[in-house]
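Coordinates as given in structure-v1.csv (CSV, C-alpha atoms):
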chain,number,residue,atom,x,y,z
A,1,MET,CA,28.5,-17.8,-7.5
A,2,ILE,CA,26.3,-20.6,-6.3
A,3,GLU,CA,27.4,-20.1,-2.7
A,4,ASN,CA,26.0,-16.5,-2.8
A,5,VAL,CA,22.5,-17.8,-3.0
A,6,PRO,CA,21.5,-16.3,0.4
A,7,TYR,CA,22.3,-12.8,-0.9
A,8,PHE,CA,20.3,-13.3,-4.1
A,9,CYS,CA,17.4,-14.6,-2.1
A,10,ALA,CA,17.6,-11.5,0.1
A,11,GLY,CA,17.7,-9.3,-3.0
A,12,ILE,CA,14.8,-11.1,-4.6
A,13,LEU,CA,12.7,-10.8,-1.4
A,14,VAL,CA,13.4,-7.0,-1.2
A,15,ILE,CA,12.5,-6.6,-4.9
A,16,ILE,CA,9.3,-8.6,-4.5
A,17,GLY,CA,8.4,-6.5,-1.5
A,18,LEU,CA,9.1,-3.2,-3.3
A,19,VAL,CA,7.0,-4.3,-6.3
A,20,VAL,CA,4.1,-5.2,-4.1
A,21,ILE,CA,4.3,-1.9,-2.3
A,22,VAL,CA,4.4,0.1,-5.5
A,23,THR,CA,1.9,-1.8,-7.7
A,24,LYS,CA,-0.8,-3.2,-5.3
A,25,LYS,CA,-3.8,-1.0,-4.4
A,26,ASP,CA,-5.0,-2.9,-1.3
A,27,MET,CA,-3.5,-1.4,1.8
A,28,ILE,CA,-3.1,-4.7,3.6
A,29,LYS,CA,-1.1,-6.1,0.7
A,30,MET,CA,1.1,-3.0,0.9
A,31,VAL,CA,1.8,-3.7,4.5
A,32,MET,CA,2.6,-7.3,3.5
A,33,GLY,CA,5.1,-6.0,1.0
A,34,LEU,CA,6.8,-4.0,3.7
A,35,ALA,CA,7.0,-7.1,5.8
A,36,LEU,CA,8.6,-8.9,2.8
A,37,VAL,CA,11.3,-6.1,2.6
A,38,GLU,CA,12.0,-6.5,6.3
A,39,ALA,CA,12.4,-10.3,5.8
A,40,GLY,CA,14.9,-9.7,3.0
A,41,VAL,CA,16.9,-7.2,5.1
A,42,ASN,CA,17.0,-9.7,8.0
A,43,LEU,CA,18.2,-12.5,5.7
A,44,LEU,CA,20.9,-10.2,4.3
A,45,LEU,CA,22.1,-9.2,7.8
A,46,VAL,CA,22.3,-12.8,9.0
A,47,ALA,CA,24.0,-14.0,5.8
A,48,THR,CA,26.5,-11.2,6.1
A,49,GLY,CA,27.8,-12.4,9.4
A,50,PHE,CA,28.1,-16.1,8.5
A,51,ILE,CA,31.6,-17.6,8.7
A,52,SER,CA,32.2,-21.0,7.1
A,53,GLY,CA,32.1,-23.8,9.7
A,54,GLY,CA,31.0,-21.5,12.4
A,55,VAL,CA,28.4,-22.4,15.1
A,56,ALA,CA,25.9,-20.1,16.9
A,57,PRO,CA,27.7,-17.7,19.3
A,58,ILE,CA,26.5,-19.5,22.4
A,59,PHE,CA,29.1,-21.2,24.7
A,60,THR,CA,26.7,-23.5,26.4
A,61,ASN,CA,27.8,-27.0,25.3
A,62,ALA,CA,29.0,-25.5,22.0
A,63,PRO,CA,30.5,-28.1,19.6
A,64,SER,CA,33.5,-25.8,18.7
A,65,THR,CA,34.8,-22.3,19.4
A,66,ALA,CA,34.6,-21.2,15.7
A,67,MET,CA,31.6,-19.0,15.9
A,68,VAL,CA,29.7,-16.7,13.5
A,69,MET,CA,29.5,-12.9,14.1
A,70,PRO,CA,27.2,-12.0,17.1
A,71,THR,CA,26.7,-8.3,16.2
A,72,VAL,CA,24.7,-8.8,13.1
A,73,GLN,CA,22.5,-11.3,14.9
A,74,ALA,CA,21.8,-8.7,17.6
A,75,MET,CA,21.0,-6.1,14.9
A,76,THR,CA,18.6,-8.6,13.4
A,77,LEU,CA,16.9,-9.1,16.7
A,78,THR,CA,16.4,-5.4,17.0
A,79,ASN,CA,15.1,-5.2,13.4
A,80,ILE,CA,12.6,-8.0,14.0
A,81,VAL,CA,11.1,-6.3,17.1
A,82,ILE,CA,11.0,-2.9,15.3
A,83,GLY,CA,9.4,-4.5,12.3
A,84,ILE,CA,6.7,-6.1,14.4
A,85,ALA,CA,6.0,-2.8,16.0
A,86,THR,CA,5.7,-0.8,12.8
A,87,THR,CA,3.6,-3.6,11.2
A,88,ALA,CA,1.2,-3.6,14.1
A,89,LEU,CA,0.9,0.2,14.0
A,90,LEU,CA,0.4,0.2,10.2
A,91,LEU,CA,-2.3,-2.5,10.4
A,92,SER,CA,-4.1,-0.4,13.1
A,93,PHE,CA,-4.1,2.6,10.8
A,94,VAL,CA,-5.4,0.4,8.0
A,95,MET,CA,-8.2,-0.8,10.2
A,96,VAL,CA,-9.2,2.7,11.2
A,97,ILE,CA,-9.0,4.0,7.6
A,98,SER,CA,-11.0,1.1,6.1
A,99,LYS,CA,-13.6,1.6,8.8
A,100,LYS,CA,-13.8,5.3,8.0
A,101,TYR,CA,-13.9,5.0,4.2
A,102,GLY,CA,-15.5,1.6,3.8
A,103,THR,CA,-12.8,0.3,1.5
A,104,ARG,CA,-9.2,-0.7,1.6
A,105,ASP,CA,-8.5,0.3,-2.0
A,106,VAL,CA,-6.3,3.4,-2.1
A,107,THR,CA,-7.7,4.5,-5.5
A,108,GLU,CA,-11.3,4.7,-4.1
A,109,MET,CA,-10.6,6.9,-1.2
A,110,ARG,CA,-11.6,10.2,-2.6
A,111,ARG,CA,-10.4,12.5,0.1
A,112,LEU,CA,-7.0,11.0,-0.2
A,113,LYS,CA,-6.9,11.4,-3.9
A,114,GLU,CA,-8.0,15.0,-4.3
B,1,MET,CA,-18.8,-16.9,18.8
B,2,ASN,CA,-17.2,-19.7,20.7
B,3,MET,CA,-15.4,-22.4,18.8
B,4,SER,CA,-16.5,-26.0,19.4
B,5,ASN,CA,-15.9,-27.8,22.7
B,6,LEU,CA,-13.0,-29.7,21.2
B,7,VAL,CA,-11.1,-26.6,20.3
B,8,ARG,CA,-11.7,-25.0,23.6
B,9,SER,CA,-10.5,-28.1,25.5
B,10,GLY,CA,-7.4,-28.2,23.4
B,11,ALA,CA,-6.7,-24.6,24.1
B,12,ASN,CA,-7.1,-25.1,27.8
B,13,ILE,CA,-4.7,-28.0,27.7
B,14,MET,CA,-2.1,-26.2,25.6
B,15,MET,CA,-2.2,-22.9,27.6
B,16,PRO,CA,0.0,-23.9,30.6
B,17,PHE,CA,2.6,-25.5,28.3
B,18,ILE,CA,2.9,-22.4,26.2
B,19,LEU,CA,3.3,-20.2,29.3
B,20,VAL,CA,5.9,-22.5,30.9
B,21,TYR,CA,7.9,-22.7,27.6
B,22,GLY,CA,7.8,-18.9,27.2
B,23,PHE,CA,9.0,-18.3,30.8
B,24,TYR,CA,11.7,-20.9,30.2
B,25,ILE,CA,13.0,-19.0,27.2
B,26,VAL,CA,13.0,-15.8,29.1
B,27,VAL,CA,14.8,-17.1,32.2
B,28,HIS,CA,17.4,-19.0,30.2
B,29,GLY,CA,18.1,-16.1,27.9
B,30,HIS,CA,21.7,-15.9,28.9
B,31,LEU,CA,22.5,-19.6,28.4
B,32,THR,CA,20.5,-20.9,25.5
B,33,PRO,CA,19.0,-19.3,22.3
B,34,GLY,CA,16.3,-17.0,23.3
B,35,GLY,CA,15.8,-14.0,25.5
B,36,GLY,CA,13.3,-11.5,26.7
B,37,PHE,CA,11.9,-10.5,23.3
B,38,GLN,CA,11.5,-14.0,22.0
B,39,GLY,CA,10.1,-15.4,25.2
B,40,GLY,CA,7.6,-12.5,25.5
B,41,ALA,CA,6.4,-13.2,22.0
B,42,VAL,CA,5.9,-16.9,22.8
B,43,ILE,CA,3.9,-15.9,25.9
B,44,ALA,CA,1.8,-13.5,23.7
B,45,THR,CA,0.8,-16.4,21.5
B,46,ALA,CA,-1.1,-17.7,24.5
B,47,VAL,CA,-3.3,-14.6,24.0
B,48,VAL,CA,-3.7,-15.5,20.3
B,49,LEU,CA,-4.8,-19.0,21.3
B,50,LEU,CA,-7.4,-17.5,23.6
B,51,MET,CA,-8.6,-15.3,20.8
B,52,VAL,CA,-8.9,-18.2,18.4
B,53,ALA,CA,-10.8,-20.5,20.8
B,54,TYR,CA,-13.1,-18.1,22.6
B,55,SER,CA,-15.5,-15.4,21.7
B,56,ARG,CA,-14.5,-11.7,22.0
B,57,ALA,CA,-16.6,-11.1,25.2
B,58,ASP,CA,-15.1,-14.2,26.9
B,59,VAL,CA,-11.5,-13.1,26.0
B,60,PHE,CA,-12.1,-9.6,27.4
B,61,ALA,CA,-13.8,-11.0,30.5
B,62,SER,CA,-11.0,-13.5,31.2
B,63,ILE,CA,-8.1,-11.1,30.9
B,64,PRO,CA,-8.4,-8.3,33.5
B,65,LYS,CA,-8.1,-4.9,31.9
B,66,ASN,CA,-5.1,-3.5,33.7
B,67,VAL,CA,-2.9,-6.6,34.1
B,68,LEU,CA,-1.3,-6.3,30.7
B,69,LYS,CA,-1.0,-2.5,30.8
B,70,ASN,CA,0.6,-2.7,34.3
B,71,SER,CA,3.0,-5.5,33.3
B,72,GLU,CA,4.2,-3.5,30.3
B,73,THR,CA,4.8,-0.4,32.4
B,74,ALA,CA,6.4,-2.5,35.2
B,75,GLY,CA,8.7,-4.2,32.7
B,76,LEU,CA,10.0,-0.9,31.3
B,77,LEU,CA,10.4,0.6,34.8
B,78,LEU,CA,12.3,-2.5,36.0
B,79,PHE,CA,14.6,-2.3,32.9
B,80,ILE,CA,15.4,1.4,33.4
B,81,GLY,CA,15.7,1.0,37.2
B,82,THR,CA,18.1,-1.9,36.9
B,83,ALA,CA,20.2,0.1,34.5
B,84,LEU,CA,20.1,3.2,36.8
B,85,LEU,CA,21.2,1.2,39.9
B,86,ALA,CA,24.6,0.8,38.2
B,87,LEU,CA,25.2,4.4,39.0
B,88,THR,CA,25.0,3.7,42.7
B,89,ALA,CA,27.7,1.0,42.3
B,90,GLY,CA,30.0,3.6,40.8
B,91,ILE,CA,30.0,2.4,37.2
B,92,ALA,CA,28.3,3.7,34.1
B,93,PHE,CA,24.6,3.5,33.1
B,94,PHE,CA,23.9,-0.1,32.0
B,95,GLY,CA,27.1,-1.3,33.8
B,96,ASN,CA,26.9,-4.9,35.0
B,97,TRP,CA,26.9,-4.2,38.7
B,98,LEU,CA,25.9,-7.7,39.8
B,99,LEU,CA,28.6,-9.6,37.8
B,100,GLY,CA,30.7,-11.7,40.1
B,101,ALA,CA,29.2,-10.2,43.3
B,102,GLY,CA,28.3,-13.6,44.6
B,103,SER,CA,24.7,-12.8,45.3
B,104,LEU,CA,21.7,-13.1,43.0
B,105,PHE,CA,23.0,-14.1,39.5
B,106,GLY,CA,26.4,-13.4,40.7
B,107,THR,CA,28.3,-16.6,40.4
B,108,PRO,CA,31.5,-16.0,38.3
B,109,VAL,CA,31.0,-17.6,34.9
B,110,ALA,CA,33.2,-20.4,33.7
B,111,PHE,CA,35.1,-19.3,30.6
B,112,GLY,CA,35.1,-21.2,27.4
B,113,ILE,CA,32.7,-24.0,26.6
B,114,ASN,CA,30.8,-25.0,29.7
B,115,PRO,CA,27.5,-26.7,30.5
B,116,GLY,CA,26.0,-23.4,31.8
B,117,ASP,CA,24.9,-22.3,35.2
B,118,ILE,CA,21.7,-20.3,35.5
B,119,ASN,CA,23.0,-18.3,38.5
B,120,THR,CA,25.4,-16.3,36.3
B,121,GLY,CA,25.2,-13.3,34.2
B,122,GLY,CA,24.9,-10.4,36.6
B,123,ILE,CA,22.1,-8.0,35.5
B,124,ILE,CA,21.5,-9.7,32.1
B,125,PRO,CA,18.9,-12.2,33.4
B,126,ILE,CA,17.1,-9.4,35.3
B,127,LEU,CA,17.0,-7.3,32.1
B,128,ASN,CA,15.8,-10.4,30.2
B,129,ILE,CA,12.9,-10.8,32.7
B,130,ALA,CA,12.1,-7.1,32.5
B,131,VAL,CA,12.0,-7.1,28.7
B,132,GLY,CA,10.0,-10.4,28.7
B,133,ILE,CA,7.4,-8.8,31.0
B,134,GLU,CA,7.3,-5.7,28.9
B,135,VAL,CA,7.0,-7.6,25.5
B,136,LEU,CA,4.3,-9.9,26.7
B,137,GLY,CA,2.3,-6.9,28.0
B,138,ALA,CA,2.9,-4.9,24.8
B,139,MET,CA,2.1,-7.7,22.4
B,140,GLY,CA,-1.0,-8.8,24.4
B,141,ILE,CA,-2.4,-5.3,24.6
B,142,LEU,CA,-1.7,-4.7,20.9
B,143,LEU,CA,-3.6,-7.9,20.0
B,144,LEU,CA,-6.5,-7.1,22.3
B,145,VAL,CA,-6.8,-3.5,21.2
B,146,MET,CA,-6.8,-4.6,17.5
B,147,LEU,CA,-9.4,-7.3,18.4
B,148,GLY,CA,-11.5,-4.7,20.1
B,149,GLY,CA,-11.2,-2.3,17.2
B,150,MET,CA,-12.8,-4.8,14.8
B,151,LYS,CA,-16.4,-4.0,14.0
B,152,GLY,CA,-19.0,-6.7,14.9
B,153,ASP,CA,-18.6,-8.9,11.8
B,154,ALA,CA,-15.9,-10.9,13.5
B,155,GLU,CA,-18.4,-12.2,16.1
C,1,MET,CA,5.2,2.7,-23.3
C,2,LYS,CA,4.3,3.2,-19.6
C,3,SER,CA,4.5,-0.4,-18.8
C,4,ALA,CA,7.8,-0.8,-20.6
C,5,LEU,CA,9.1,2.1,-18.5
C,6,ARG,CA,7.9,0.3,-15.3
C,7,ILE,CA,9.5,-3.0,-16.3
C,8,GLY,CA,12.7,-1.2,-17.2
C,9,ILE,CA,12.9,0.5,-13.8
C,10,LEU,CA,12.1,-2.8,-12.1
C,11,VAL,CA,14.9,-4.5,-14.1
C,12,VAL,CA,17.4,-1.8,-13.2
C,13,CYS,CA,16.5,-2.0,-9.5
C,14,ALA,CA,16.7,-5.8,-9.5
C,15,ALA,CA,20.1,-5.7,-11.2
C,16,ALA,CA,21.3,-3.2,-8.7
C,17,PHE,CA,20.3,-5.4,-5.8
C,18,LEU,CA,21.6,-8.6,-7.4
C,19,MET,CA,24.9,-7.2,-8.6
C,20,ALA,CA,25.7,-6.3,-4.9
C,21,GLY,CA,25.3,-10.0,-4.1
C,22,LEU,CA,28.0,-10.9,-6.7
C,23,ASP,CA,30.6,-8.8,-4.9
C,24,LEU,CA,30.1,-10.3,-1.5
C,25,SER,CA,31.3,-13.8,-0.7
C,26,PHE,CA,29.2,-15.9,1.5
C,27,GLY,CA,31.0,-17.6,4.4
C,28,THR,CA,34.1,-15.4,4.4
C,29,PRO,CA,33.0,-11.9,5.6
C,30,ALA,CA,35.2,-8.9,6.0
C,31,TYR,CA,37.5,-9.1,9.0
C,32,THR,CA,36.2,-7.1,11.9
C,33,ASP,CA,38.0,-6.6,15.2
C,34,MET,CA,34.7,-5.9,17.0
C,35,ASP,CA,33.2,-9.3,16.6
C,36,ASP,CA,36.4,-11.1,17.4
C,37,TYR,CA,36.8,-9.0,20.5
C,38,MET,CA,33.2,-9.8,21.6
C,39,LEU,CA,33.7,-13.5,21.0
C,40,ALA,CA,37.0,-13.5,22.9
C,41,HIS,CA,36.1,-11.2,25.8
C,42,GLY,CA,32.3,-11.2,25.9
C,43,GLN,CA,31.9,-14.1,28.3
C,44,GLU,CA,34.1,-12.5,31.0
C,45,GLU,CA,32.9,-8.9,30.5
C,46,THR,CA,29.1,-9.6,30.4
C,47,GLY,CA,28.9,-12.9,32.2
C,48,SER,CA,26.6,-14.4,29.6
C,49,ASN,CA,27.2,-17.7,27.8
C,50,ASN,CA,25.0,-16.4,25.0
C,51,ILE,CA,27.1,-13.8,23.2
C,52,VAL,CA,24.1,-12.4,21.3
C,53,THR,CA,22.3,-11.7,24.6
C,54,GLY,CA,25.5,-10.2,25.9
C,55,VAL,CA,25.6,-7.9,22.9
C,56,VAL,CA,22.0,-7.0,23.0
C,57,PHE,CA,21.8,-6.3,26.8
C,58,ASP,CA,25.3,-5.1,27.7
C,59,TYR,CA,27.3,-3.8,24.8
C,60,ARG,CA,24.3,-2.3,23.0
C,61,GLY,CA,22.1,-1.7,26.1
C,62,PHE,CA,21.1,1.8,24.9
C,63,ASP,CA,19.8,0.3,21.6
C,64,THR,CA,17.7,-2.2,23.6
C,65,LEU,CA,16.4,0.7,25.7
C,66,GLY,CA,15.3,2.5,22.6
C,67,GLU,CA,13.8,-0.7,21.2
C,68,ALA,CA,11.7,-1.2,24.4
C,69,THR,CA,10.6,2.5,24.2
C,70,VAL,CA,9.6,2.0,20.6
C,71,LEU,CA,7.4,-0.9,21.6
C,72,PHE,CA,5.9,1.1,24.4
C,73,THR,CA,5.2,4.0,22.0
C,74,VAL,CA,3.6,1.7,19.5
C,75,VAL,CA,1.2,0.4,22.1
C,76,LEU,CA,0.4,4.0,23.1
C,77,GLY,CA,-0.2,4.8,19.5
C,78,ALA,CA,-2.5,1.8,18.8
C,79,GLY,CA,-4.5,2.6,22.0
C,80,LEU,CA,-4.8,6.2,20.8
C,81,VAL,CA,-6.0,5.2,17.4
C,82,PHE,CA,-8.7,2.8,18.6
C,83,ARG,CA,-10.0,5.0,21.4
C,84,ARG,CA,-13.6,6.0,21.5
C,85,LEU,CA,-14.7,9.6,21.5
C,86,GLY,CA,-18.0,10.5,23.0
C,87,LYS,CA,-20.4,7.9,24.2
C,88,LYS,CA,-19.6,4.2,24.1
C,89,GLU,CA,-21.8,2.2,21.8
C,90,ASP,CA,-19.7,-1.0,21.8
C,91,GLU,CA,-19.3,-2.7,25.1
C,92,TYR,CA,-16.6,-5.0,23.7
C,93,GLU,CA,-14.1,-2.3,23.3
C,94,TYR,CA,-10.8,-2.8,25.1
C,95,GLU,CA,-9.3,0.2,26.8

Show this structure as structure tokens.
Amino acid sequence: MIENVPYFCAGILVIIGLVVIVTKKDMIKMVMGLALVEAGVNLLLVATGFISGGVAPIFTNAPSTAMVMPTVQAMTLTNIVIGIATTALLLSFVMVISKKYGTRDVTEMRRLKE
Amino acid sequence: MNMSNLVRSGANIMMPFILVYGFYIVVHGHLTPGGGFQGGAVIATAVVLLMVAYSRADVFASIPKNVLKNSETAGLLLFIGTALLALTAGIAFFGNWLLGAGSLFGTPVAFGINPGDINTGGIIPILNIAVGIEVLGAMGILLLVMLGGMKGDAE
Amino acid sequence: MKSALRIGILVVCAAAFLMAGLDLSFGTPAYTDMDDYMLAHGQEETGSNNIVTGVVFDYRGFDTLGEATVLFTVVLGAGLVFRRLGKKEDEYEYE
């Protein structure tokens, strides 16, 4: 139970991110919620591959040969890069939209609402 | 608006160390934690440091327009070209055609726990460098495009 | 009524996420042949001391190619979004 804290932290991060995406009306905060979801997914992936007593899967001067899983770490690396890319593109869209409408509040953009 | 003289001098002093650290992470990607993506991101923070310390006009004037764009394209082309050259060696796309060849990055790797030799790894260091060049170009150009997209109130 | 419904949906979602954490056991993951094979043979097959780099650039090279392409596409998209149509009124624009 108590040793499963990383999974609970990942779940709590994902839930906070989803709540922020659904309830906030500022678009930059919605992008921040998406980044929180990505952080939770990354933590879940890394926690899934951990083996008790394992070290990082790098053989250069490694203290032991008991190593954690490398595949999930590679997936996490991919996820981080894709997350940065999508966040940058979404922030670009937010900048253009806020410049066009003069606000970042999604409820005040009339042409999106009607 | 330029920051104060102190901030600009600090940025000038920090800049070469950030670049050297980023290239170290890229080149040692097959031996130590790191790799092309991480090292490229570290190098891109040098652009952020420039953006923090100097005004927008100075940043745009100090970075030539086409350098980042060309480095991104060159990185991607080097990545695909290195992978394609495996076909000429008679193995599959992305095959490690330099591994154990004795030439560049071709020293046979010692198995098990070893202190590490930078001249190993076959095409993996080359792919690391290609991805590092591409990521630093992509991140830098994203930051500069978003900085240029801001309306004048950031001045 | 509406806020109670929202809180109920939130609680159900949170329980769904957290109940999954109860089933898993941290530190003793499911046995996979793939990771053991990569740890045992990755060094001689990829020539890289760093197995994660070996996985990213050798075993999953196509994934990394797609990743680099995604980054390239995002830069293209951002440059497209911020481009100026018509005459240039701001000399600070990049691109």

*For chain C, the nearest of the candidates A:Ile12, A:Ile51, A:Leu18, A:Ala35, counting all atoms listed in the file*: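 Result for the nearest residue to chain C: A:Ile51.
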
*Residues at most 9 Å from Gly36 of chain B, counting all atoms listed in the file, excluding those fewer than 2 positions away in the same chain, as a list in words?*
Ile25, Val26, Val27, Gly29, Gly34, Gln38, Gly39, Gly40, Ala41, Pro125, Leu127, Asn128, Ile129, Ala130, Val131, Gly132, Ile133, Glu134 and Val135 of chain B

*Select all residues from chain A having any atom no more than 8 Å from an atom of chain C (counting all atoms listed in the file, ignoring ligands), output as a ChimeraX atom specification.*
/A:1,3-4,6-8,11-12,15,19,47-52,57-60,67,69-71,73-74,78,81-82,85-86,88-89,92-93,96

*Which is closest to Val94 of chain A among A:Ile21, A:Val106, A:Ile2, A:Ile16, if we use only C-alpha atoms?*
A:Val106

Taking only residues of chain B that have an atom at most 7 Å from an atom of chain A, what is each one's shortest atom pair and its distance in Å to one decimal, using only C-alpha atoms, in chain and number order, as a Markdown table?
| residue | atom | partner | partner_atom | distance |
| --- | --- | --- | --- | --- |
| B:Leu31 | CA | A:Thr60 | CA | 6.1 |
| B:Thr32 | CA | A:Thr60 | CA | 6.8 |
| B:Gly112 | CA | A:Phe59 | CA | 6.6 |
| B:Ile113 | CA | A:Phe59 | CA | 4.9 |
| B:Asn114 | CA | A:Thr60 | CA | 5.5 |
| B:Pro115 | CA | A:Asn61 | CA | 5.2 |
| B:Gly116 | CA | A:Thr60 | CA | 5.4 |
| B:Met146 | CA | A:Ser92 | CA | 6.7 |

Distance cut-off 7 Å, counting all atoms listed in the file - which residues of chain B neighbour chain C? Return them as a PDB file with C-alpha atoms, in the coordinates of the input.
ATOM      1  CA  GLY B  29      18.100 -16.100  27.900  1.00  0.00           C
ATOM      2  CA  HIS B  30      21.700 -15.900  28.900  1.00  0.00           C
ATOM      3  CA  LEU B  31      22.500 -19.600  28.400  1.00  0.00           C
ATOM      4  CA  THR B  32      20.500 -20.900  25.500  1.00  0.00           C
ATOM      5  CA  GLY B  35      15.800 -14.000  25.500  1.00  0.00           C
ATOM      6  CA  ALA B  57     -16.600 -11.100  25.200  1.00  0.00           C
ATOM      7  CA  PHE B  94      23.900  -0.100  32.000  1.00  0.00           C
ATOM      8  CA  ASN B  96      26.900  -4.900  35.000  1.00  0.00           C
ATOM      9  CA  LEU B  99      28.600  -9.600  37.800  1.00  0.00           C
ATOM     10  CA  VAL B 109      31.000 -17.600  34.900  1.00  0.00           C
ATOM     11  CA  PHE B 111      35.100 -19.300  30.600  1.00  0.00           C
ATOM     12  CA  THR B 120      25.400 -16.300  36.300  1.00  0.00           C
ATOM     13  CA  GLY B 121      25.200 -13.300  34.200  1.00  0.00           C
ATOM     14  CA  GLY B 122      24.900 -10.400  36.600  1.00  0.00           C
ATOM     15  CA  ILE B 124      21.500  -9.700  32.100  1.00  0.00           C
ATOM     16  CA  ALA B 138       2.900  -4.900  24.800  1.00  0.00           C
ATOM     17  CA  LEU B 142      -1.700  -4.700  20.900  1.00  0.00           C
ATOM     18  CA  LEU B 144      -6.500  -7.100  22.300  1.00  0.00           C
ATOM     19  CA  VAL B 145      -6.800  -3.500  21.200  1.00  0.00           C
ATOM     20  CA  GLY B 148     -11.500  -4.700  20.100  1.00  0.00           C
ATOM     21  CA  GLY B 149     -11.200  -2.300  17.200  1.00  0.00           C
TER      22      GLY B 149
END

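Here atom CA of Val37 of chain A stands at a distance of 25.4 Å from atom CA of Leu136 of chain B.
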
*What does the distance between atom CA of Thr87 of chain A and atom CA of Val31 of chain A come to in Å, to one decimal place?*
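Computing the Euclidean distance for atom CA of Thr87 of chain A and atom CA of Val31 of chain A yields 6.9 Å.
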
*Who sits within 9 Å of segment 5-16 of chain B, only C-alpha atoms, same chain under 3 positions skipped, as a ChimeraX atom specification*: /B:2,19-21,46,49-50,52-54

Based on the selection just made, write C-alpha atoms of those residues as an mmCIF file, keeping the file's coordinate frame.
data_model
loop_
_atom_site.group_PDB
_atom_site.id
_atom_site.type_symbol
_atom_site.label_atom_id
_atom_site.label_comp_id
_atom_site.auth_asym_id
_atom_site.auth_seq_id
_atom_site.Cartn_x
_atom_site.Cartn_y
_atom_site.Cartn_z
ATOM 1 C CA ASN B 2 -17.200 -19.700 20.700
ATOM 2 C CA LEU B 19 3.300 -20.200 29.300
ATOM 3 C CA VAL B 20 5.900 -22.500 30.900
ATOM 4 C CA TYR B 21 7.900 -22.700 27.600
ATOM 5 C CA ALA B 46 -1.100 -17.700 24.500
ATOM 6 C CA LEU B 49 -4.800 -19.000 21.300
ATOM 7 C CA LEU B 50 -7.400 -17.500 23.600
ATOM 8 C CA VAL B 52 -8.900 -18.200 18.400
ATOM 9 C CA ALA B 53 -10.800 -20.500 20.800
ATOM 10 C CA TYR B 54 -13.100 -18.100 22.600
#

*asked:* as a PyMOL selection string, please: the residues near Gly33 of chain A (cut-off 12 Å, all atoms listed in the file, same-chain neighbours under 3 positions excluded).
replied: chain A and resi 13-30+36-40+87

Output for the residues just chosen: C-alpha atoms as an mmCIF file, keeping the file's coordinate frame:
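What landed in result-v1.cif:
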data_model
loop_
_atom_site.group_PDB
_atom_site.id
_atom_site.type_symbol
_atom_site.label_atom_id
_atom_site.label_comp_id
_atom_site.auth_asym_id
_atom_site.auth_seq_id
_atom_site.Cartn_x
_atom_site.Cartn_y
_atom_site.Cartn_z
ATOM 1 C CA LEU A 13 12.700 -10.800 -1.400
ATOM 2 C CA VAL A 14 13.400 -7.000 -1.200
ATOM 3 C CA ILE A 15 12.500 -6.600 -4.900
ATOM 4 C CA ILE A 16 9.300 -8.600 -4.500
ATOM 5 C CA GLY A 17 8.400 -6.500 -1.500
ATOM 6 C CA LEU A 18 9.100 -3.200 -3.300
ATOM 7 C CA VAL A 19 7.000 -4.300 -6.300
ATOM 8 C CA VAL A 20 4.100 -5.200 -4.100
ATOM 9 C CA ILE A 21 4.300 -1.900 -2.300
ATOM 10 C CA VAL A 22 4.400 0.100 -5.500
ATOM 11 C CA THR A 23 1.900 -1.800 -7.700
ATOM 12 C CA LYS A 24 -0.800 -3.200 -5.300
ATOM 13 C CA LYS A 25 -3.800 -1.000 -4.400
ATOM 14 C CA ASP A 26 -5.000 -2.900 -1.300
ATOM 15 C CA MET A 27 -3.500 -1.400 1.800
ATOM 16 C CA ILE A 28 -3.100 -4.700 3.600
ATOM 17 C CA LYS A 29 -1.100 -6.100 0.700
ATOM 18 C CA MET A 30 1.100 -3.000 0.900
ATOM 19 C CA LEU A 36 8.600 -8.900 2.800
ATOM 20 C CA VAL A 37 11.300 -6.100 2.600
ATOM 21 C CA GLU A 38 12.000 -6.500 6.300
ATOM 22 C CA ALA A 39 12.400 -10.300 5.800
ATOM 23 C CA GLY A 40 14.900 -9.700 3.000
ATOM 24 C CA THR A 87 3.600 -3.600 11.200
#

*Take atom CA of Met150 of chain B and atom CA of Arg56 of chain B and report the distance between them in Å, one decimal.*
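The value is 10.1 Å.
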
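Remark: for Val5 of chain A, the closest of the candidate residues A:Leu43, A:Met32, A:Val68, A:Met75 is A:Leu43 (distances computed over all atoms listed in the file).
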